[in-house]
Structure formats: structure tokens, C-alpha cells
$ cat model22.cif   # mmCIF, N, CA, C and O atoms
data_data
loop_
_atom_site.group_PDB
_atom_site.id
_atom_site.type_symbol
_atom_site.label_atom_id
_atom_site.label_comp_id
_atom_site.auth_asym_id
_atom_site.auth_seq_id
_atom_site.Cartn_x
_atom_site.Cartn_y
_atom_site.Cartn_z
ATOM 1 N N MET A 1 104.357 103.349 108.114
ATOM 2 C CA MET A 1 104.460 101.941 107.776
ATOM 3 C C MET A 1 105.933 101.592 107.579
ATOM 4 O O MET A 1 106.647 102.308 106.899
ATOM 5 N N PRO A 2 106.405 100.499 108.147
ATOM 6 C CA PRO A 2 107.804 100.107 107.952
ATOM 7 C C PRO A 2 108.009 99.463 106.574
ATOM 8 O O PRO A 2 107.144 98.742 106.082
ATOM 9 N N TYR A 3 109.132 99.767 105.980
ATOM 10 C CA TYR A 3 109.492 99.202 104.678
ATOM 11 C C TYR A 3 110.809 98.455 104.828
ATOM 12 O O TYR A 3 111.752 98.993 105.420
ATOM 13 N N THR A 4 110.891 97.250 104.309
ATOM 14 C CA THR A 4 112.098 96.437 104.479
ATOM 15 C C THR A 4 113.253 96.917 103.609
ATOM 16 O O THR A 4 114.403 96.687 103.945
ATOM 17 N N HIS A 5 112.969 97.576 102.509
ATOM 18 C CA HIS A 5 114.025 97.985 101.577
ATOM 19 C C HIS A 5 114.335 99.479 101.639
ATOM 20 O O HIS A 5 115.064 99.990 100.804
ATOM 21 N N GLY A 6 113.784 100.179 102.637
ATOM 22 C CA GLY A 6 114.049 101.613 102.736
ATOM 23 C C GLY A 6 113.278 102.250 103.877
ATOM 24 O O GLY A 6 112.646 101.566 104.679
ATOM 25 N N THR A 7 113.329 103.582 103.897
ATOM 26 C CA THR A 7 112.701 104.354 104.966
ATOM 27 C C THR A 7 111.811 105.435 104.365
ATOM 28 O O THR A 7 112.234 106.139 103.451
ATOM 29 N N ALA A 8 110.597 105.552 104.889
ATOM 30 C CA ALA A 8 109.699 106.624 104.447
ATOM 31 C C ALA A 8 110.276 107.955 104.909
ATOM 32 O O ALA A 8 110.567 108.137 106.085
ATOM 33 N N ILE A 9 110.464 108.881 103.952
ATOM 34 C CA ILE A 9 111.031 110.184 104.285
ATOM 35 C C ILE A 9 110.000 111.300 104.214
ATOM 36 O O ILE A 9 110.245 112.396 104.711
ATOM 37 N N LYS A 10 108.858 111.020 103.585
ATOM 38 C CA LYS A 10 107.803 112.026 103.490
ATOM 39 C C LYS A 10 106.474 111.327 103.236
ATOM 40 O O LYS A 10 106.415 110.352 102.505
ATOM 41 N N THR A 11 105.428 111.852 103.850
ATOM 42 C CA THR A 11 104.066 111.366 103.633
ATOM 43 C C THR A 11 103.238 112.524 103.105
ATOM 44 O O THR A 11 103.301 113.631 103.634
ATOM 45 N N ILE A 12 102.472 112.241 102.051
ATOM 46 C CA ILE A 12 101.580 113.254 101.464
ATOM 47 C C ILE A 12 100.166 112.696 101.517
ATOM 48 O O ILE A 12 99.903 111.630 100.967
ATOM 49 N N GLU A 13 99.271 113.422 102.184
ATOM 50 C CA GLU A 13 97.890 112.961 102.322
ATOM 51 C C GLU A 13 97.014 113.503 101.203
ATOM 52 O O GLU A 13 97.183 114.640 100.765
ATOM 53 N N ALA A 14 96.071 112.678 100.764
ATOM 54 C CA ALA A 14 95.059 113.120 99.810
ATOM 55 C C ALA A 14 94.131 114.110 100.515
ATOM 56 O O ALA A 14 93.943 114.043 101.736
ATOM 57 N N ARG A 15 93.569 115.014 99.754
ATOM 58 C CA ARG A 15 92.691 116.045 100.331
ATOM 59 C C ARG A 15 91.499 115.458 101.087
ATOM 60 O O ARG A 15 91.058 116.007 102.077
ATOM 61 N N ASP A 16 90.991 114.334 100.596
ATOM 62 C CA ASP A 16 89.801 113.752 101.227
ATOM 63 C C ASP A 16 90.132 112.843 102.414
ATOM 64 O O ASP A 16 89.231 112.336 103.076
ATOM 65 N N GLY A 17 91.408 112.603 102.697
ATOM 66 C CA GLY A 17 91.813 111.817 103.851
ATOM 67 C C GLY A 17 91.654 110.318 103.716
ATOM 68 O O GLY A 17 91.908 109.579 104.666
ATOM 69 N N THR A 18 91.259 109.833 102.544
ATOM 70 C CA THR A 18 91.033 108.394 102.375
ATOM 71 C C THR A 18 92.283 107.624 101.974
ATOM 72 O O THR A 18 92.271 106.404 101.939
ATOM 73 N N ARG A 19 93.366 108.348 101.685
ATOM 74 C CA ARG A 19 94.606 107.674 101.293
ATOM 75 C C ARG A 19 95.763 108.649 101.447
ATOM 76 O O ARG A 19 95.565 109.844 101.601
ATOM 77 N N HIS A 20 96.949 108.087 101.437
ATOM 78 C CA HIS A 20 98.161 108.904 101.424
ATOM 79 C C HIS A 20 99.260 108.123 100.724
ATOM 80 O O HIS A 20 99.115 106.927 100.467
ATOM 81 N N VAL A 21 100.327 108.817 100.398
ATOM 82 C CA VAL A 21 101.477 108.145 99.797
ATOM 83 C C VAL A 21 102.705 108.412 100.660
ATOM 84 O O VAL A 21 102.819 109.457 101.294
ATOM 85 N N ASP A 22 103.575 107.433 100.701
ATOM 86 C CA ASP A 22 104.873 107.575 101.347
ATOM 87 C C ASP A 22 105.936 107.643 100.262
ATOM 88 O O ASP A 22 105.935 106.824 99.334
ATOM 89 N N ILE A 23 106.834 108.610 100.385
ATOM 90 C CA ILE A 23 108.033 108.657 99.551
ATOM 91 C C ILE A 23 109.083 107.866 100.329
ATOM 92 O O ILE A 23 109.398 108.205 101.480
ATOM 93 N N VAL A 24 109.614 106.822 99.724
ATOM 94 C CA VAL A 24 110.547 105.930 100.409
ATOM 95 C C VAL A 24 111.940 106.062 99.803
ATOM 96 O O VAL A 24 112.105 105.941 98.584
ATOM 97 N N ALA A 25 112.924 106.327 100.670
ATOM 98 C CA ALA A 25 114.329 106.321 100.266
ATOM 99 C C ALA A 25 114.815 104.882 100.405
ATOM 100 O O ALA A 25 114.883 104.341 101.512
ATOM 101 N N ARG A 26 115.114 104.273 99.274
ATOM 102 C CA ARG A 26 115.530 102.870 99.266
ATOM 103 C C ARG A 26 117.002 102.742 99.654
ATOM 104 O O ARG A 26 117.776 103.681 99.500
ATOM 105 N N HIS A 27 117.370 101.565 100.125
ATOM 106 C CA HIS A 27 118.758 101.308 100.517
ATOM 107 C C HIS A 27 119.717 101.363 99.325
ATOM 108 O O HIS A 27 120.908 101.571 99.519
ATOM 109 N N ASP A 28 119.190 101.213 98.109
ATOM 110 C CA ASP A 28 120.057 101.253 96.920
ATOM 111 C C ASP A 28 120.250 102.671 96.379
ATOM 112 O O ASP A 28 120.840 102.869 95.328
ATOM 113 N N GLY A 29 119.736 103.684 97.090
ATOM 114 C CA GLY A 29 119.914 105.071 96.690
ATOM 115 C C GLY A 29 118.821 105.631 95.802
ATOM 116 O O GLY A 29 118.826 106.814 95.480
ATOM 117 N N ARG A 30 117.867 104.801 95.405
ATOM 118 C CA ARG A 30 116.748 105.281 94.595
ATOM 119 C C ARG A 30 115.537 105.544 95.495
ATOM 120 O O ARG A 30 115.580 105.282 96.685
ATOM 121 N N PHE A 31 114.474 106.060 94.883
ATOM 122 C CA PHE A 31 113.278 106.447 95.626
ATOM 123 C C PHE A 31 112.057 105.807 94.978
ATOM 124 O O PHE A 31 112.036 105.567 93.771
ATOM 125 N N GLN A 32 111.032 105.560 95.791
ATOM 126 C CA GLN A 32 109.810 104.924 95.307
ATOM 127 C C GLN A 32 108.631 105.491 96.081
ATOM 128 O O GLN A 32 108.780 105.978 97.203
ATOM 129 N N VAL A 33 107.449 105.420 95.476
ATOM 130 C CA VAL A 33 106.221 105.936 96.087
ATOM 131 C C VAL A 33 105.275 104.767 96.354
ATOM 132 O O VAL A 33 105.046 103.931 95.470
ATOM 133 N N TYR A 34 104.739 104.724 97.564
ATOM 134 C CA TYR A 34 103.767 103.708 97.953
ATOM 135 C C TYR A 34 102.479 104.390 98.392
ATOM 136 O O TYR A 34 102.508 105.308 99.224
ATOM 137 N N GLU A 35 101.368 103.919 97.858
ATOM 138 C CA GLU A 35 100.059 104.443 98.232
ATOM 139 C C GLU A 35 99.468 103.563 99.330
ATOM 140 O O GLU A 35 99.532 102.336 99.242
ATOM 141 N N LEU A 36 98.881 104.187 100.338
ATOM 142 C CA LEU A 36 98.154 103.476 101.390
ATOM 143 C C LEU A 36 96.724 103.979 101.394
ATOM 144 O O LEU A 36 96.485 105.189 101.341
ATOM 145 N N VAL A 37 95.778 103.053 101.443
ATOM 146 C CA VAL A 37 94.355 103.368 101.352
ATOM 147 C C VAL A 37 93.697 103.049 102.690
ATOM 148 O O VAL A 37 93.897 101.964 103.243
ATOM 149 N N LYS A 38 92.912 104.003 103.196
ATOM 150 C CA LYS A 38 92.245 103.824 104.482
ATOM 151 C C LYS A 38 91.114 102.803 104.349
ATOM 152 O O LYS A 38 90.295 102.884 103.441
ATOM 153 N N LEU A 39 91.078 101.862 105.282
ATOM 154 C CA LEU A 39 90.010 100.869 105.320
ATOM 155 C C LEU A 39 88.802 101.439 106.063
ATOM 156 O O LEU A 39 88.955 102.260 106.965
ATOM 157 N N SER A 40 87.639 100.978 105.686
ATOM 158 C CA SER A 40 86.419 101.427 106.374
ATOM 159 C C SER A 40 86.362 100.798 107.765
ATOM 160 O O SER A 40 87.061 99.826 108.065
ATOM 161 N N ASP A 41 85.512 101.349 108.611
ATOM 162 C CA ASP A 41 85.331 100.785 109.950
ATOM 163 C C ASP A 41 84.849 99.345 109.866
ATOM 164 O O ASP A 41 85.224 98.510 110.680
ATOM 165 N N GLU A 42 84.013 99.048 108.859
ATOM 166 C CA GLU A 42 83.515 97.687 108.686
ATOM 167 C C GLU A 42 84.632 96.710 108.341
ATOM 168 O O GLU A 42 84.539 95.520 108.616
ATOM 169 N N ASP A 43 85.703 97.235 107.731
ATOM 170 C CA ASP A 43 86.852 96.394 107.381
ATOM 171 C C ASP A 43 87.922 96.420 108.463
ATOM 172 O O ASP A 43 89.047 95.967 108.239
ATOM 173 N N GLY A 44 87.609 96.986 109.612
ATOM 174 C CA GLY A 44 88.536 96.983 110.724
ATOM 175 C C GLY A 44 89.386 98.231 110.865
ATOM 176 O O GLY A 44 90.259 98.303 111.722
ATOM 177 N N GLY A 45 89.152 99.218 109.993
ATOM 178 C CA GLY A 45 89.946 100.443 110.053
ATOM 179 C C GLY A 45 91.383 100.194 109.627
ATOM 180 O O GLY A 45 91.707 99.163 109.074
ATOM 181 N N GLY A 46 92.239 101.136 109.882
ATOM 182 C CA GLY A 46 93.636 100.995 109.511
ATOM 183 C C GLY A 46 93.873 101.300 108.039
ATOM 184 O O GLY A 46 93.064 101.982 107.397
ATOM 185 N N TRP A 47 94.986 100.793 107.528
ATOM 186 C CA TRP A 47 95.404 101.090 106.162
ATOM 187 C C TRP A 47 95.811 99.818 105.444
ATOM 188 O O TRP A 47 96.282 98.872 106.061
ATOM 189 N N ARG A 48 95.646 99.812 104.126
ATOM 190 C CA ARG A 48 96.142 98.701 103.309
ATOM 191 C C ARG A 48 96.997 99.278 102.190
ATOM 192 O O ARG A 48 96.822 100.426 101.780
ATOM 193 N N MET A 49 97.911 98.478 101.701
ATOM 194 C CA MET A 49 98.787 98.906 100.620
ATOM 195 C C MET A 49 97.975 99.023 99.334
ATOM 196 O O MET A 49 97.145 98.172 99.024
ATOM 197 N N GLY A 50 98.202 100.103 98.617
ATOM 198 C CA GLY A 50 97.574 100.322 97.323
ATOM 199 C C GLY A 50 98.611 100.144 96.224
ATOM 200 O O GLY A 50 99.378 99.190 96.240
ATOM 201 N N ARG A 51 98.677 101.111 95.342
ATOM 202 C CA ARG A 51 99.630 101.051 94.225
ATOM 203 C C ARG A 51 101.023 101.464 94.664
ATOM 204 O O ARG A 51 101.194 102.090 95.701
ATOM 205 N N MET A 52 102.002 101.116 93.838
ATOM 206 C CA MET A 52 103.351 101.616 94.051
ATOM 207 C C MET A 52 103.909 102.075 92.716
ATOM 208 O O MET A 52 103.465 101.645 91.659
ATOM 209 N N SER A 53 104.868 102.970 92.795
ATOM 210 C CA SER A 53 105.441 103.562 91.587
ATOM 211 C C SER A 53 106.653 102.770 91.118
ATOM 212 O O SER A 53 107.089 101.817 91.765
ATOM 213 N N GLY A 54 107.220 103.278 90.041
ATOM 214 C CA GLY A 54 108.519 102.812 89.598
ATOM 215 C C GLY A 54 109.595 103.449 90.458
ATOM 216 O O GLY A 54 109.313 103.977 91.538
ATOM 217 N N LEU A 55 110.823 103.428 89.984
ATOM 218 C CA LEU A 55 111.951 103.961 90.743
ATOM 219 C C LEU A 55 112.359 105.320 90.217
ATOM 220 O O LEU A 55 112.282 105.585 89.016
ATOM 221 N N TYR A 56 112.823 106.179 91.125
ATOM 222 C CA TYR A 56 113.229 107.544 90.779
ATOM 223 C C TYR A 56 114.627 107.819 91.318
ATOM 224 O O TYR A 56 115.027 107.252 92.339
ATOM 225 N N ALA A 57 115.324 108.728 90.656
ATOM 226 C CA ALA A 57 116.694 109.069 91.034
ATOM 227 C C ALA A 57 116.750 110.020 92.223
ATOM 228 O O ALA A 57 117.755 110.061 92.933
ATOM 229 N N SER A 58 115.686 110.796 92.464
ATOM 230 C CA SER A 58 115.695 111.754 93.571
ATOM 231 C C SER A 58 114.341 111.763 94.272
ATOM 232 O O SER A 58 113.315 111.385 93.699
ATOM 233 N N ALA A 59 114.357 112.259 95.510
ATOM 234 C CA ALA A 59 113.115 112.393 96.266
ATOM 235 C C ALA A 59 112.194 113.411 95.611
ATOM 236 O O ALA A 59 110.971 113.234 95.589
ATOM 237 N N GLU A 60 112.782 114.467 95.061
ATOM 238 C CA GLU A 60 111.986 115.505 94.401
ATOM 239 C C GLU A 60 111.259 114.941 93.179
ATOM 240 O O GLU A 60 110.091 115.244 92.944
ATOM 241 N N GLU A 61 111.958 114.141 92.401
ATOM 242 C CA GLU A 61 111.349 113.509 91.226
ATOM 243 C C GLU A 61 110.218 112.568 91.653
ATOM 244 O O GLU A 61 109.140 112.555 91.052
ATOM 245 N N ALA A 62 110.433 111.806 92.713
ATOM 246 C CA ALA A 62 109.399 110.895 93.222
ATOM 247 C C ALA A 62 108.184 111.674 93.702
ATOM 248 O O ALA A 62 107.041 111.283 93.437
ATOM 249 N N GLU A 63 108.404 112.791 94.388
ATOM 250 C CA GLU A 63 107.276 113.586 94.872
ATOM 251 C C GLU A 63 106.492 114.208 93.726
ATOM 252 O O GLU A 63 105.258 114.206 93.741
ATOM 253 N N ARG A 64 107.180 114.739 92.723
ATOM 254 C CA ARG A 64 106.480 115.307 91.553
ATOM 255 C C ARG A 64 105.601 114.245 90.898
ATOM 256 O O ARG A 64 104.438 114.487 90.576
ATOM 257 N N ALA A 65 106.168 113.060 90.693
ATOM 258 C CA ALA A 65 105.413 111.963 90.074
ATOM 259 C C ALA A 65 104.235 111.554 90.951
ATOM 260 O O ALA A 65 103.140 111.296 90.454
ATOM 261 N N ALA A 66 104.441 111.505 92.257
ATOM 262 C CA ALA A 66 103.369 111.110 93.174
ATOM 263 C C ALA A 66 102.198 112.076 93.081
ATOM 264 O O ALA A 66 101.040 111.663 93.034
ATOM 265 N N ARG A 67 102.490 113.360 93.069
ATOM 266 C CA ARG A 67 101.424 114.360 93.012
ATOM 267 C C ARG A 67 100.630 114.251 91.704
ATOM 268 O O ARG A 67 99.410 114.451 91.705
ATOM 269 N N LEU A 68 101.291 113.904 90.621
ATOM 270 C CA LEU A 68 100.594 113.746 89.334
ATOM 271 C C LEU A 68 99.922 112.390 89.215
ATOM 272 O O LEU A 68 98.725 112.300 88.941
ATOM 273 N N ASP A 69 100.674 111.311 89.421
ATOM 274 C CA ASP A 69 100.178 109.961 89.183
ATOM 275 C C ASP A 69 99.125 109.509 90.191
ATOM 276 O O ASP A 69 98.277 108.680 89.884
ATOM 277 N N PHE A 70 99.214 110.030 91.418
ATOM 278 C CA PHE A 70 98.287 109.617 92.466
ATOM 279 C C PHE A 70 97.256 110.713 92.760
ATOM 280 O O PHE A 70 96.536 110.647 93.756
ATOM 281 N N ASN A 71 97.211 111.754 91.918
ATOM 282 C CA ASN A 71 96.238 112.836 92.035
ATOM 283 C C ASN A 71 96.190 113.462 93.430
ATOM 284 O O ASN A 71 95.148 113.526 94.072
ATOM 285 N N LEU A 72 97.335 113.932 93.879
ATOM 286 C CA LEU A 72 97.407 114.556 95.219
ATOM 287 C C LEU A 72 97.505 116.055 95.092
ATOM 288 O O LEU A 72 97.962 116.594 94.153
#
$ encode --input "model22.cif" --output "C-alpha cells"
Amino acid sequence: MPYTHGTAIKTIEARDGTRHVDIVARHDGRFQVYELVKLSDEDGGGWRMGRMSGLYASAEEAERAARLDFNL
């Protein structure tokens, strides 16, 4: 998924395949986590934006938080 304020540098999928998170390197040097949730076939398939995290100083910190906060 394209992000206007940064670039996804890593994607982590949930074990059940119904969602994933992108770790985004922002243009301001910080990092953020975005959750994407898979839509059902009845809803047209594809993905929709879910929750997003706060800001982190490093990609490693963002990934640790993502694994805990988003239960990955």
C-alpha cells in the first residue's frame, strides 16, 4: 500500500492471514505501524486500513511494538 508520508519497509502477516501490518519509515525520520485487514469476498476482497500506532524512533522499536500490540 502506498503511504504519502513514508515508505513501507517491512510487512508482517498475521498467522491466520486475515491481516498484516506495514512498518513505515516516515519522511521525518520516525517510524509507524499500519494494520491492514483483509476484506471478505462479499465485500469485494482486497484490504482496508485498520489501526495505526504511535511514532517510534527506530524500525526495531516499531516492529517490537507491532508484534505485541497487534498480536502477531
$ resolve_selection --input "model22.cif" --expression "the PyMOL selection byres ((chain A and resi 35) around 6)" --output "number ranges by chain"
A: 20-22, 33-34, 36-37, 48-52
$ resolve_selection --input "model22.cif" --expression "the PyMOL selection byres ((chain A and resi 24) around 6)" --output "tab-separated table (two decimals) with N, CA, C and O atoms, keeping the file's coordinate frame"
chain	number	residue	atom	x	y	z
A	6	GLY	N	113.78	100.18	102.64
A	6	GLY	CA	114.05	101.61	102.74
A	6	GLY	C	113.28	102.25	103.88
A	6	GLY	O	112.65	101.57	104.68
A	7	THR	N	113.33	103.58	103.90
A	7	THR	CA	112.70	104.35	104.97
A	7	THR	C	111.81	105.44	104.36
A	7	THR	O	112.23	106.14	103.45
A	8	ALA	N	110.60	105.55	104.89
A	8	ALA	CA	109.70	106.62	104.45
A	8	ALA	C	110.28	107.96	104.91
A	8	ALA	O	110.57	108.14	106.08
A	9	ILE	N	110.46	108.88	103.95
A	9	ILE	CA	111.03	110.18	104.28
A	9	ILE	C	110.00	111.30	104.21
A	9	ILE	O	110.24	112.40	104.71
A	10	LYS	N	108.86	111.02	103.58
A	10	LYS	CA	107.80	112.03	103.49
A	10	LYS	C	106.47	111.33	103.24
A	10	LYS	O	106.42	110.35	102.50
A	22	ASP	N	103.58	107.43	100.70
A	22	ASP	CA	104.87	107.58	101.35
A	22	ASP	C	105.94	107.64	100.26
A	22	ASP	O	105.94	106.82	99.33
A	23	ILE	N	106.83	108.61	100.38
A	23	ILE	CA	108.03	108.66	99.55
A	23	ILE	C	109.08	107.87	100.33
A	23	ILE	O	109.40	108.20	101.48
A	25	ALA	N	112.92	106.33	100.67
A	25	ALA	CA	114.33	106.32	100.27
A	25	ALA	C	114.82	104.88	100.40
A	25	ALA	O	114.88	104.34	101.51
A	26	ARG	N	115.11	104.27	99.27
A	26	ARG	CA	115.53	102.87	99.27
A	26	ARG	C	117.00	102.74	99.65
A	26	ARG	O	117.78	103.68	99.50
A	30	ARG	N	117.87	104.80	95.40
A	30	ARG	CA	116.75	105.28	94.60
A	30	ARG	C	115.54	105.54	95.50
A	30	ARG	O	115.58	105.28	96.68
A	31	PHE	N	114.47	106.06	94.88
A	31	PHE	CA	113.28	106.45	95.63
A	31	PHE	C	112.06	105.81	94.98
A	31	PHE	O	112.04	105.57	93.77
A	32	GLN	N	111.03	105.56	95.79
A	32	GLN	CA	109.81	104.92	95.31
A	32	GLN	C	108.63	105.49	96.08
A	32	GLN	O	108.78	105.98	97.20
A	33	VAL	N	107.45	105.42	95.48
A	33	VAL	CA	106.22	105.94	96.09
A	33	VAL	C	105.28	104.77	96.35
A	33	VAL	O	105.05	103.93	95.47
A	34	TYR	N	104.74	104.72	97.56
A	34	TYR	CA	103.77	103.71	97.95
A	34	TYR	C	102.48	104.39	98.39
A	34	TYR	O	102.51	105.31	99.22
$ residues_around --input "model22.cif" --residues "Leu72 of chain A" --least-positions-apart "3" --cutoff "7 Å" --atoms "only C-alpha atoms" --output "count of residues only"
3
$ select_by_dssp --input "model22.cif" --residues "chain A" --states "alpha helix (DSSP H)" --output "list in words"
Ala59, Glu60, Glu61, Ala62, Glu63, Arg64, Ala65, Ala66, Arg67, Leu68 and Asp69 of chain A
$ write_last_selection --input "model22.cif" --atoms "N, CA, C and O atoms" --output "mmCIF file, in the frame of the given file"
data_model
loop_
_atom_site.group_PDB
_atom_site.id
_atom_site.type_symbol
_atom_site.label_atom_id
_atom_site.label_comp_id
_atom_site.auth_asym_id
_atom_site.auth_seq_id
_atom_site.Cartn_x
_atom_site.Cartn_y
_atom_site.Cartn_z
ATOM 1 N N ALA A 59 114.357 112.259 95.510
ATOM 2 C CA ALA A 59 113.115 112.393 96.266
ATOM 3 C C ALA A 59 112.194 113.411 95.611
ATOM 4 O O ALA A 59 110.971 113.234 95.589
ATOM 5 N N GLU A 60 112.782 114.467 95.061
ATOM 6 C CA GLU A 60 111.986 115.505 94.401
ATOM 7 C C GLU A 60 111.259 114.941 93.179
ATOM 8 O O GLU A 60 110.091 115.244 92.944
ATOM 9 N N GLU A 61 111.958 114.141 92.401
ATOM 10 C CA GLU A 61 111.349 113.509 91.226
ATOM 11 C C GLU A 61 110.218 112.568 91.653
ATOM 12 O O GLU A 61 109.140 112.555 91.052
ATOM 13 N N ALA A 62 110.433 111.806 92.713
ATOM 14 C CA ALA A 62 109.399 110.895 93.222
ATOM 15 C C ALA A 62 108.184 111.674 93.702
ATOM 16 O O ALA A 62 107.041 111.283 93.437
ATOM 17 N N GLU A 63 108.404 112.791 94.388
ATOM 18 C CA GLU A 63 107.276 113.586 94.872
ATOM 19 C C GLU A 63 106.492 114.208 93.726
ATOM 20 O O GLU A 63 105.258 114.206 93.741
ATOM 21 N N ARG A 64 107.180 114.739 92.723
ATOM 22 C CA ARG A 64 106.480 115.307 91.553
ATOM 23 C C ARG A 64 105.601 114.245 90.898
ATOM 24 O O ARG A 64 104.438 114.487 90.576
ATOM 25 N N ALA A 65 106.168 113.060 90.693
ATOM 26 C CA ALA A 65 105.413 111.963 90.074
ATOM 27 C C ALA A 65 104.235 111.554 90.951
ATOM 28 O O ALA A 65 103.140 111.296 90.454
ATOM 29 N N ALA A 66 104.441 111.505 92.257
ATOM 30 C CA ALA A 66 103.369 111.110 93.174
ATOM 31 C C ALA A 66 102.198 112.076 93.081
ATOM 32 O O ALA A 66 101.040 111.663 93.034
ATOM 33 N N ARG A 67 102.490 113.360 93.069
ATOM 34 C CA ARG A 67 101.424 114.360 93.012
ATOM 35 C C ARG A 67 100.630 114.251 91.704
ATOM 36 O O ARG A 67 99.410 114.451 91.705
ATOM 37 N N LEU A 68 101.291 113.904 90.621
ATOM 38 C CA LEU A 68 100.594 113.746 89.334
ATOM 39 C C LEU A 68 99.922 112.390 89.215
ATOM 40 O O LEU A 68 98.725 112.300 88.941
ATOM 41 N N ASP A 69 100.674 111.311 89.421
ATOM 42 C CA ASP A 69 100.178 109.961 89.183
ATOM 43 C C ASP A 69 99.125 109.509 90.191
ATOM 44 O O ASP A 69 98.277 108.680 89.884
#
$ atom_distance --input "model22.cif" --atom1 "atom CA of Glu42 of chain A" --atom2 "atom CA of Arg15 of chain A"
22.2 Å
$ axis_aligned_box --input "model22.cif" --around "segment 20-30 of chain A" --padding-each-side "8 Å" --output "JSON"
{"center_x": 108.9, "center_y": 105.3, "center_z": 98.1, "size_x": 40.0, "size_y": 24.2, "size_z": 22.9}
$ select_by_dssp --input "model22.cif" --residues "chain A" --states "strand (DSSP E or B)" --output "PyMOL selection string"
chain A and resi 3+6-13+19-26+31-38+47-52+56
$ closest_residue --input "model22.cif" --among "A:Asp41, A:Gly29, A:Pro2, A:Asn71" --to "Ser58 of chain A" --atoms "only N, CA, C and O atoms"
A:Gly29
$ atom_distance --input "model22.cif" --atom1 "atom CA of Asp16 of chain A" --atom2 "atom CA of Leu39 of chain A"
13.5 Å
$ atom_distance --input "model22.cif" --atom1 "atom CA of Ile12 of chain A" --atom2 "atom CA of Trp47 of chain A"
14.4 Å
$ closest_residue --input "model22.cif" --among "A:Glu13, A:Thr18, A:Thr4, A:Ala66" --to "Ser53 of chain A" --atoms "all atoms listed in the file"
A:Ala66
$ decode --input "model22.cif" --residues "segment 29-46 of chain A" --atoms "N, CA and C atoms" --output "mmCIF file, in the first residue's frame"
data_model
loop_
_atom_site.group_PDB
_atom_site.id
_atom_site.type_symbol
_atom_site.label_atom_id
_atom_site.label_comp_id
_atom_site.auth_asym_id
_atom_site.auth_seq_id
_atom_site.Cartn_x
_atom_site.Cartn_y
_atom_site.Cartn_z
ATOM 1 N N GLY A 29 11.868 10.832 9.612
ATOM 2 C CA GLY A 29 12.851 10.012 10.302
ATOM 3 C C GLY A 29 12.290 9.100 11.374
ATOM 4 N N ARG A 30 10.995 9.193 11.644
ATOM 5 C CA ARG A 30 10.371 8.306 12.624
ATOM 6 C C ARG A 30 9.689 7.139 11.903
ATOM 7 N N PHE A 31 9.147 6.217 12.694
ATOM 8 C CA PHE A 31 8.543 5.004 12.152
ATOM 9 C C PHE A 31 7.142 4.843 12.728
ATOM 10 N N GLN A 32 6.272 4.190 11.960
ATOM 11 C CA GLN A 32 4.887 3.987 12.378
ATOM 12 C C GLN A 32 4.413 2.645 11.845
ATOM 13 N N VAL A 33 3.408 2.079 12.506
ATOM 14 C CA VAL A 33 2.849 0.780 12.123
ATOM 15 C C VAL A 33 1.404 0.979 11.670
ATOM 16 N N TYR A 34 1.073 0.399 10.526
ATOM 17 C CA TYR A 34 -0.283 0.443 9.991
ATOM 18 C C TYR A 34 -0.798 -0.979 9.818
ATOM 19 N N GLU A 35 -1.996 -1.221 10.314
ATOM 20 C CA GLU A 35 -2.634 -2.525 10.169
ATOM 21 C C GLU A 35 -3.548 -2.497 8.948
ATOM 22 N N LEU A 36 -3.512 -3.556 8.155
ATOM 23 C CA LEU A 36 -4.428 -3.730 7.028
ATOM 24 C C LEU A 36 -5.204 -5.014 7.246
ATOM 25 N N VAL A 37 -6.513 -4.945 7.060
ATOM 26 C CA VAL A 37 -7.412 -6.064 7.328
ATOM 27 C C VAL A 37 -8.000 -6.546 6.006
ATOM 28 N N LYS A 38 -7.951 -7.863 5.792
ATOM 29 C CA LYS A 38 -8.461 -8.442 4.554
ATOM 30 C C LYS A 38 -9.989 -8.381 4.536
ATOM 31 N N LEU A 39 -10.532 -7.918 3.419
ATOM 32 C CA LEU A 39 -11.979 -7.874 3.237
ATOM 33 C C LEU A 39 -12.477 -9.230 2.737
ATOM 34 N N SER A 40 -13.695 -9.548 3.087
ATOM 35 C CA SER A 40 -14.284 -10.810 2.613
ATOM 36 C C SER A 40 -14.603 -10.692 1.124
ATOM 37 N N ASP A 41 -14.829 -11.829 0.493
ATOM 38 C CA ASP A 41 -15.207 -11.826 -0.922
ATOM 39 C C ASP A 41 -16.499 -11.053 -1.131
ATOM 40 N N GLU A 42 -17.419 -11.142 -0.158
ATOM 41 C CA GLU A 42 -18.682 -10.417 -0.262
ATOM 42 C C GLU A 42 -18.477 -8.908 -0.234
ATOM 43 N N ASP A 43 -17.377 -8.477 0.396
ATOM 44 C CA ASP A 43 -17.062 -7.046 0.457
ATOM 45 C C ASP A 43 -16.128 -6.624 -0.668
ATOM 46 N N GLY A 44 -15.906 -7.497 -1.632
ATOM 47 C CA GLY A 44 -15.098 -7.152 -2.782
ATOM 48 C C GLY A 44 -13.640 -7.562 -2.699
ATOM 49 N N GLY A 45 -13.270 -8.245 -1.610
ATOM 50 C CA GLY A 45 -11.877 -8.656 -1.450
ATOM 51 C C GLY A 45 -10.972 -7.461 -1.202
ATOM 52 N N GLY A 46 -9.693 -7.666 -1.301
ATOM 53 C CA GLY A 46 -8.745 -6.589 -1.078
ATOM 54 C C GLY A 46 -8.501 -6.335 0.402
#
